[in-house]
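> Here you go, this is start_11.cif (mmCIF, C-alpha atoms).
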data_data
loop_
_atom_site.label_atom_id
_atom_site.label_comp_id
_atom_site.auth_asym_id
_atom_site.auth_seq_id
_atom_site.Cartn_x
_atom_site.Cartn_y
_atom_site.Cartn_z
CA MET X 1 0.00 0.00 0.00
CA PHE X 2 2.89 2.34 0.71
CA LEU X 3 4.23 1.73 -2.77
CA ASP X 4 0.80 2.63 -4.20
CA LEU X 5 0.83 5.74 -2.05
CA PHE X 6 4.31 6.69 -3.25
CA GLN X 7 3.32 6.20 -6.87
CA MET X 8 0.20 8.26 -6.25
CA ILE X 9 2.30 11.06 -4.79
CA THR X 10 4.71 10.93 -7.74
CA ALA X 11 1.85 10.98 -10.23
CA ALA X 12 0.23 13.83 -8.38
CA LYS X 13 3.39 15.93 -8.77
CA ILE X 14 3.08 15.69 -12.54
CA GLN X 15 -0.52 16.88 -12.61
CA MET X 16 -1.44 20.53 -12.42
CA ARG X 17 -3.60 20.05 -9.32
CA PRO X 18 -1.91 17.75 -6.80
CA LEU X 19 -4.14 15.28 -4.92
CA ILE X 20 -2.26 16.06 -1.71
CA PRO X 21 -1.04 19.55 -0.74
CA ASN X 22 2.70 20.23 -1.29
CA GLN X 23 3.58 20.49 2.40
CA THR X 24 1.84 17.22 3.21
CA ARG X 25 3.61 15.43 0.37
CA ALA X 26 6.98 16.75 1.55
CA VAL X 27 6.37 15.44 5.05
CA LEU X 28 5.18 12.07 3.74
CA LEU X 29 8.24 11.69 1.54
CA ALA X 30 10.50 12.61 4.46
CA VAL X 31 8.77 9.99 6.62
CA LEU X 32 9.17 7.34 3.90
CA ILE X 33 12.87 8.10 3.48
CA LEU X 34 13.62 8.26 7.20
CA THR X 35 11.72 5.08 8.03
CA SER X 36 13.17 2.99 5.20
CA GLY X 37 14.65 0.77 7.95
CA ALA X 38 11.49 -0.74 9.41
CA GLY X 39 11.13 -0.25 13.17
CA CYS X 40 14.35 1.86 13.40
CA LYS X 41 14.62 5.15 15.27
CA VAL X 42 16.07 8.08 13.36
CA ARG X 43 19.68 8.98 14.34
CA LEU X 44 20.99 12.35 13.12
CA ILE X 45 24.08 12.55 15.38
CA SER X 46 26.45 9.90 16.73
CA ASP X 47 25.85 8.19 20.06
CA TYR X 48 27.30 9.31 23.40
CA ASP X 49 30.90 8.25 24.00
CA GLU X 50 32.03 8.01 27.62
CA ILE X 51 35.73 8.09 26.71
CA THR X 52 35.34 11.37 24.81
CA ASP X 53 33.41 12.79 27.78
CA THR X 54 35.94 11.75 30.45
CA SER X 55 39.01 12.56 28.32
CA ALA X 56 37.74 16.08 27.63
CA THR X 57 36.97 16.53 31.34
CA GLN X 58 40.46 15.36 32.31
CA LEU X 59 42.11 17.68 29.79
CA GLN X 60 40.06 20.61 31.08
CA LYS X 61 41.34 19.92 34.62
CA LYS X 62 44.90 19.69 33.34
CA VAL X 63 44.65 22.99 31.45
CA GLU X 64 42.99 24.82 34.34
CA GLY X 65 45.54 23.47 36.82
CA PHE X 66 48.35 24.65 34.56
CA VAL X 67 46.92 28.15 34.17
CA HIS X 68 46.44 28.60 37.93
CA LYS X 69 50.02 27.42 38.50
CA MET X 70 51.35 29.86 35.88
CA VAL X 71 49.42 32.74 37.44
CA SER X 72 51.00 31.95 40.79
CA LEU X 73 54.45 31.85 39.15
CA ALA X 74 53.91 34.96 37.00
CA GLY X 75 56.85 37.32 37.10
CA THR X 76 59.30 34.55 38.06
CA PRO X 77 61.63 32.56 35.76
CA ALA X 78 59.66 29.39 36.54
CA GLY X 79 56.53 30.99 35.09
CA THR X 80 57.88 31.90 31.67
CA PHE X 81 56.77 30.20 28.48
CA THR X 82 60.28 28.84 27.85
CA GLN X 83 60.22 26.92 31.12
CA ASN X 84 56.78 25.50 30.39
CA ALA X 85 56.65 24.91 26.63
CA ALA X 86 56.36 21.13 27.13
CA PHE X 87 52.89 21.53 28.64
CA TYR X 88 51.47 22.81 25.35
CA ASP X 89 52.90 19.85 23.44
CA GLU X 90 51.31 17.46 25.94
CA ALA X 91 47.96 19.20 25.75
CA ARG X 92 48.12 19.09 21.96
CA THR X 93 48.81 15.34 22.05
CA ASP X 94 45.96 14.69 24.50
CA LEU X 95 43.55 16.64 22.34
CA SER X 96 44.73 14.88 19.20
CA ALA X 97 43.90 11.53 20.81
CA ILE X 98 40.38 12.74 21.58
CA ARG X 99 40.02 13.94 17.97
CA VAL X 100 41.26 10.68 16.47
CA ARG X 101 38.68 8.79 18.54
CA ALA X 102 35.89 11.24 17.64
CA LYS X 103 36.66 10.77 13.94
CA ALA X 104 36.08 7.04 14.30
CA PHE X 105 32.35 7.66 14.92
CA GLU X 106 29.91 8.42 12.11
CA LYS X 107 27.82 11.61 12.21
CA ASN X 108 30.24 13.16 14.73
CA ASP X 109 31.27 16.26 12.74
CA LEU X 110 30.05 18.76 15.33
CA THR X 111 32.14 17.18 18.07
CA ILE X 112 35.18 17.34 15.80
CA GLN X 113 34.45 21.03 15.20
CA GLU X 114 34.32 21.55 18.97
CA ILE X 115 37.65 19.78 19.43
CA ASP X 116 39.26 21.94 16.71
CA LEU X 117 37.98 25.06 18.47
CA VAL X 118 39.49 23.90 21.78
CA GLN X 119 42.78 23.36 19.94
CA LYS X 120 42.63 26.95 18.71
CA GLY X 121 41.98 28.09 22.26
CA ILE X 122 45.07 26.27 23.53
CA ASP X 123 47.13 27.73 20.66
CA ASP X 124 45.96 31.23 21.63
CA LEU X 125 46.80 30.58 25.28
CA GLN X 126 50.29 29.52 24.20
CA ALA X 127 50.64 32.72 22.16
CA LEU X 128 49.60 34.82 25.17
CA HIS X 129 52.11 33.03 27.36
CA LYS X 130 54.90 33.69 24.83
CA ILE X 131 53.99 37.38 24.50
CA GLY X 132 54.13 37.69 28.29
CA GLY X 133 57.88 37.14 28.19
CA ASP X 134 59.36 37.54 31.68
CA ARG X 135 55.92 38.41 33.10
CA GLY X 136 54.62 35.00 32.08
CA LEU X 137 50.85 34.47 32.27
CA ARG X 138 49.61 37.17 34.60
CA SER X 139 46.13 37.17 36.05
CA ALA X 140 44.71 40.04 33.93
CA VAL X 141 45.32 37.99 30.80
CA ALA X 142 45.09 34.44 32.17
CA ASP X 143 41.65 34.85 33.78
CA PRO X 144 39.68 35.81 30.65
CA ALA X 145 41.71 33.31 28.59
CA LEU X 146 40.85 30.48 31.00
CA SER X 147 37.20 31.57 31.07
CA ALA X 148 37.03 31.32 27.27
CA LEU X 149 38.75 27.93 27.24
CA ASN X 150 36.43 26.60 29.94
CA THR X 151 33.47 27.73 27.87
CA GLN X 152 34.86 25.67 25.00
CA PHE X 153 35.40 22.60 27.16
CA THR X 154 31.89 22.98 28.56
CA ALA X 155 30.47 23.23 25.04
CA LEU X 156 32.31 20.06 23.98
CA ILE X 157 31.22 18.11 27.06
CA LYS X 158 27.68 19.49 26.94
CA LEU X 159 27.26 18.27 23.37
CA GLU X 160 28.58 14.85 24.30
CA LEU X 161 26.21 14.60 27.29
CA ALA X 162 23.27 15.67 25.13
CA LYS X 163 23.93 12.63 22.94
CA LYS X 164 22.84 10.46 25.88
CA ARG X 165 19.29 11.29 24.73
CA GLY X 166 17.74 10.94 28.15
CA GLN X 167 19.44 7.61 28.93
CA MET D 1 -8.04 -3.06 7.89
CA PRO D 2 -8.94 0.51 9.05
CA ALA D 3 -8.55 3.34 6.48
CA LEU D 4 -5.60 5.73 6.87
CA ASP D 5 -6.38 9.42 7.13
CA ILE D 6 -3.03 10.77 5.84
CA GLU D 7 -3.85 14.41 6.49
CA ALA D 8 -4.74 13.67 10.11
CA LEU D 9 -1.56 11.60 10.56
CA VAL D 10 0.61 14.38 9.21
CA LYS D 11 -1.11 16.99 11.39
CA GLN D 12 -0.62 14.81 14.46
CA MET D 13 3.07 14.30 13.71
CA ALA D 14 3.59 18.03 13.13
CA THR D 15 1.87 18.91 16.42
CA VAL D 16 3.96 16.43 18.42
CA ALA D 17 7.20 17.53 16.72
CA SER D 18 6.64 21.25 17.23
CA GLY D 19 5.89 20.65 20.91
CA VAL D 20 9.25 18.95 21.38
CA LEU D 21 11.13 21.70 19.54
CA LYS D 22 9.46 24.52 21.50
CA ALA D 23 10.47 22.86 24.76
CA LYS D 24 14.16 22.82 23.70
CA TRP D 25 14.46 26.38 22.39
CA PRO D 26 14.70 28.22 25.76
CA GLU D 27 17.72 26.09 26.76
CA ILE D 28 19.54 26.89 23.53
CA GLN D 29 18.67 30.58 23.62
CA SER D 30 19.82 31.19 27.20
CA TYR D 31 23.07 29.28 26.65
CA ALA D 32 23.91 31.44 23.62
CA ASN D 33 22.90 34.72 25.35
CA THR D 34 25.27 34.02 28.26
CA GLU D 35 28.20 33.95 25.87
CA PHE D 36 27.17 37.17 24.14
CA LYS D 37 27.31 38.84 27.57
CA LYS D 38 30.79 37.40 28.18
CA LEU D 39 32.04 38.99 24.97
CA GLY D 40 30.86 42.34 26.28
CA GLU D 41 32.68 41.71 29.55
CA THR D 42 35.89 40.84 27.70
CA VAL D 43 35.74 44.11 25.77
CA LYS D 44 35.20 46.01 29.03
CA LEU D 45 38.18 44.26 30.67
CA ILE D 46 40.41 45.11 27.71
CA ALA D 47 39.39 48.78 27.94
CA GLU D 48 40.19 48.85 31.68
CA GLU D 49 43.57 47.15 31.26
CA LYS D 50 44.48 49.45 28.36
CA ALA D 51 43.66 52.47 30.49
CA LYS D 52 46.12 51.15 33.11
CA GLY D 53 48.71 50.43 30.42
CA GLN D 54 48.63 46.77 31.43
CA ILE D 55 47.74 45.12 28.12
CA SER D 56 49.22 45.21 24.61
CA GLU D 57 47.17 45.37 21.42
CA GLU D 58 48.42 41.91 20.49
CA GLU D 59 47.20 40.48 23.80
CA ALA D 60 43.87 42.27 23.43
CA LEU D 61 43.35 40.79 19.96
CA LEU D 62 44.18 37.30 21.24
CA LEU D 63 41.76 37.59 24.16
CA LEU D 64 38.99 38.78 21.86
CA ASP D 65 39.77 35.98 19.45
CA MET D 66 39.54 33.45 22.28
CA GLN D 67 36.15 34.79 23.29
CA LYS D 68 34.93 34.68 19.68
CA SER D 69 36.09 31.05 19.45
CA ALA D 70 34.25 30.36 22.70
CA MET D 71 31.07 31.83 21.19
CA ARG D 72 31.55 29.65 18.13
CA SER D 73 31.84 26.62 20.39
CA VAL D 74 28.59 27.54 22.09
CA LEU D 75 26.82 27.97 18.77
CA VAL D 76 28.13 24.63 17.50
CA THR D 77 26.75 22.96 20.62
CA SER D 78 23.48 24.83 20.19
CA GLU D 79 23.34 23.50 16.64
CA GLY D 80 23.99 19.98 17.96
CA ILE D 81 21.28 20.31 20.60
CA GLY D 82 18.97 21.63 17.88
CA ILE D 83 19.69 18.62 15.70
CA LEU D 84 19.12 16.29 18.65
CA ALA D 85 15.84 18.09 19.33
CA ALA D 86 14.87 17.61 15.68
CA GLU D 87 15.76 13.94 15.98
CA GLU D 88 13.67 13.64 19.15
CA ALA D 89 10.80 15.48 17.47
CA ILE D 90 10.92 13.16 14.45
CA ASN D 91 11.00 10.05 16.64
CA ALA D 92 8.19 11.39 18.84
CA ALA D 93 6.09 12.13 15.76
CA LEU D 94 6.71 8.65 14.37
CA GLY D 95 5.94 7.12 17.75
CA ALA D 96 2.61 8.98 17.91
CA VAL D 97 1.35 7.40 14.71
CA ARG D 98 3.15 4.05 14.90
CA ASP D 99 0.22 1.93 16.06
CA VAL D 100 -2.28 3.52 13.66
CA VAL D 101 -0.01 3.11 10.63
CA ASN D 102 1.18 -0.40 11.46
CA SER D 103 -2.33 -1.68 12.09
CA ALA D 104 -3.76 0.06 9.01
CA ILE D 105 -1.04 -1.33 6.74
CA GLY D 106 -0.80 -4.71 8.45
CA TRP D 107 3.03 -4.63 8.46
CA THR D 108 5.43 -3.31 11.12
CA LEU D 109 6.71 -0.34 9.12
CA LEU D 110 7.33 2.13 11.96
#
Can the structure in the file be given as structure tokens, please?

Amino acid sequence: MFLDLFQMITAAKIQMRPLIPNQTRAVLLAVLILTSGAGCKVRLISDYDEITDTSATQLQKKVEGFVHKMVSLAGTPAGTFTQNAAFYDEARTDLSAIRVRAKAFEKNDLTIQEIDLVQKGIDDLQALHKIGGDRGLRSAVADPALSALNTQFTALIKLELAKKRGQ
Amino acid sequence: MPALDIEALVKQMATVASGVLKAKWPEIQSYANTEFKKLGETVKLIAEEKAKGQISEEEALLLLDMQKSAMRSVLVTSEGIGILAAEEAINAALGAVRDVVNSAIGWTLL
């Protein structure tokens, strides 16, 4: 019967006066396409991944801990970018691992976009630290930078949690 | 086999779907608005630090760039939540008409 209905809809498109209004036909066609797997629920985004969630949370803690430490060391040799360059390489590696995993899931493009934005945030933090020179990462600069980065981590984790779909 | 009223089915699905989407919009809107306010606060901070001679133009540009990236992140998540809401709306709409359609057709299609 659905095939008859589909053929009816197709035939109706050719005629000048459609049997079913345009909007109704569009919805019906969308339903037919989306339900082509009988009994299946529609999935527009990948499923929740606990490892992405916990890895992002752990990296956020690491980055925040680092920034607080740098603020406390600001103005001292131990707080300069040169003395702490290795941190940025580690953070980059951690984030790359999260990205590689995210890419393994289908329909996960938005999460990958979020990860790339966090990467940009860390790159900008590194640039700020370098510019600071002997002053290092002082509070006036570090506080808004950390706030922006935390927003990005929250966005990434929030999207991942939303994929739980009320589980 | 009972007859299928397609128009009624479509109306029912649309009603259920729009209800789900309306319920999600306030969450998305308030999340995005919070970040717009933060951008304003970043600009204010930069102005104050510049007045004290405590920030360079390069640093100011980086801080603003970080806040813009943060806003982008929020909007990407809002888009994701919107897509998930659309998905939920579609599945709710299909669920609302599942029994009627399956019994009218005589096959488990939905």
> Can you tell me which residues surround range 81-95 of chain D at a distance of at most 6 Å, considering all atoms listed in the file, apart from same-chain residues fewer than 5 positions away, and format the answer as a list of chain:residue names?
D:Met13, D:Val16, D:Ala17, D:Val20, D:Leu21
> Please produce a file of those selected residues containing C-alpha atoms, as a compact mmCIF listing (two decimals), keeping the file's coordinate frame.

# COMPACT_ATOMS: atom_id res chain seq x y z
CA MET D 13 3.07 14.30 13.71
CA VAL D 16 3.96 16.43 18.42
CA ALA D 17 7.20 17.53 16.72
CA VAL D 20 9.25 18.95 21.38
CA LEU D 21 11.13 21.70 19.54
> Tell me as a PyMOL selection string which residues belonging to chain D come within 7 Å of chain X, counting only C-alpha atoms.
chain D and resi 10+42+59+62-63+66-67+69-70+73-74+76-77+80-81+83+87+91+105+108-110
> Name every residue that the PyMOL selection byres ((chain X and resi 79-81) around 9) selects in this structure, writing the answer as number ranges by chain with chains first and numbers rising.
X: 69-78, 82-85, 126, 129-137
> Once the PyMOL selection byres ((chain X and resi 95) around 9) has been evaluated on this model, what residues remain selected, and can you format them as a list in words?
Ser55, Ala56, Leu59, Glu90, Ala91, Arg92, Thr93, Asp94, Ser96, Ala97, Ile98, Arg99, Val100, Ile115, Asp116, Val118 and Gln119 of chain X
> Evaluate the PyMOL selection byres ((chain D and resi 100) around 10) on the structure here and hand back the selected residues as a PyMOL selection string.
chain D and resi 2-5+9+95-99+101-106+110
> Could you jot down the CA of Lys164 in chain X to CA of Ser30 in chain D separation for me, Å, one decimal place?
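Distance between the two atoms: 21.0 Å.
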> Which polymer residues have any atom within 9 Å of an atom of Ala60 in chain D, counting only C-alpha atoms, with same-chain residues fewer than 2 positions away left out, as a ChimeraX atom specification?
/X:141 /D:43,46,50,55-58,62-65
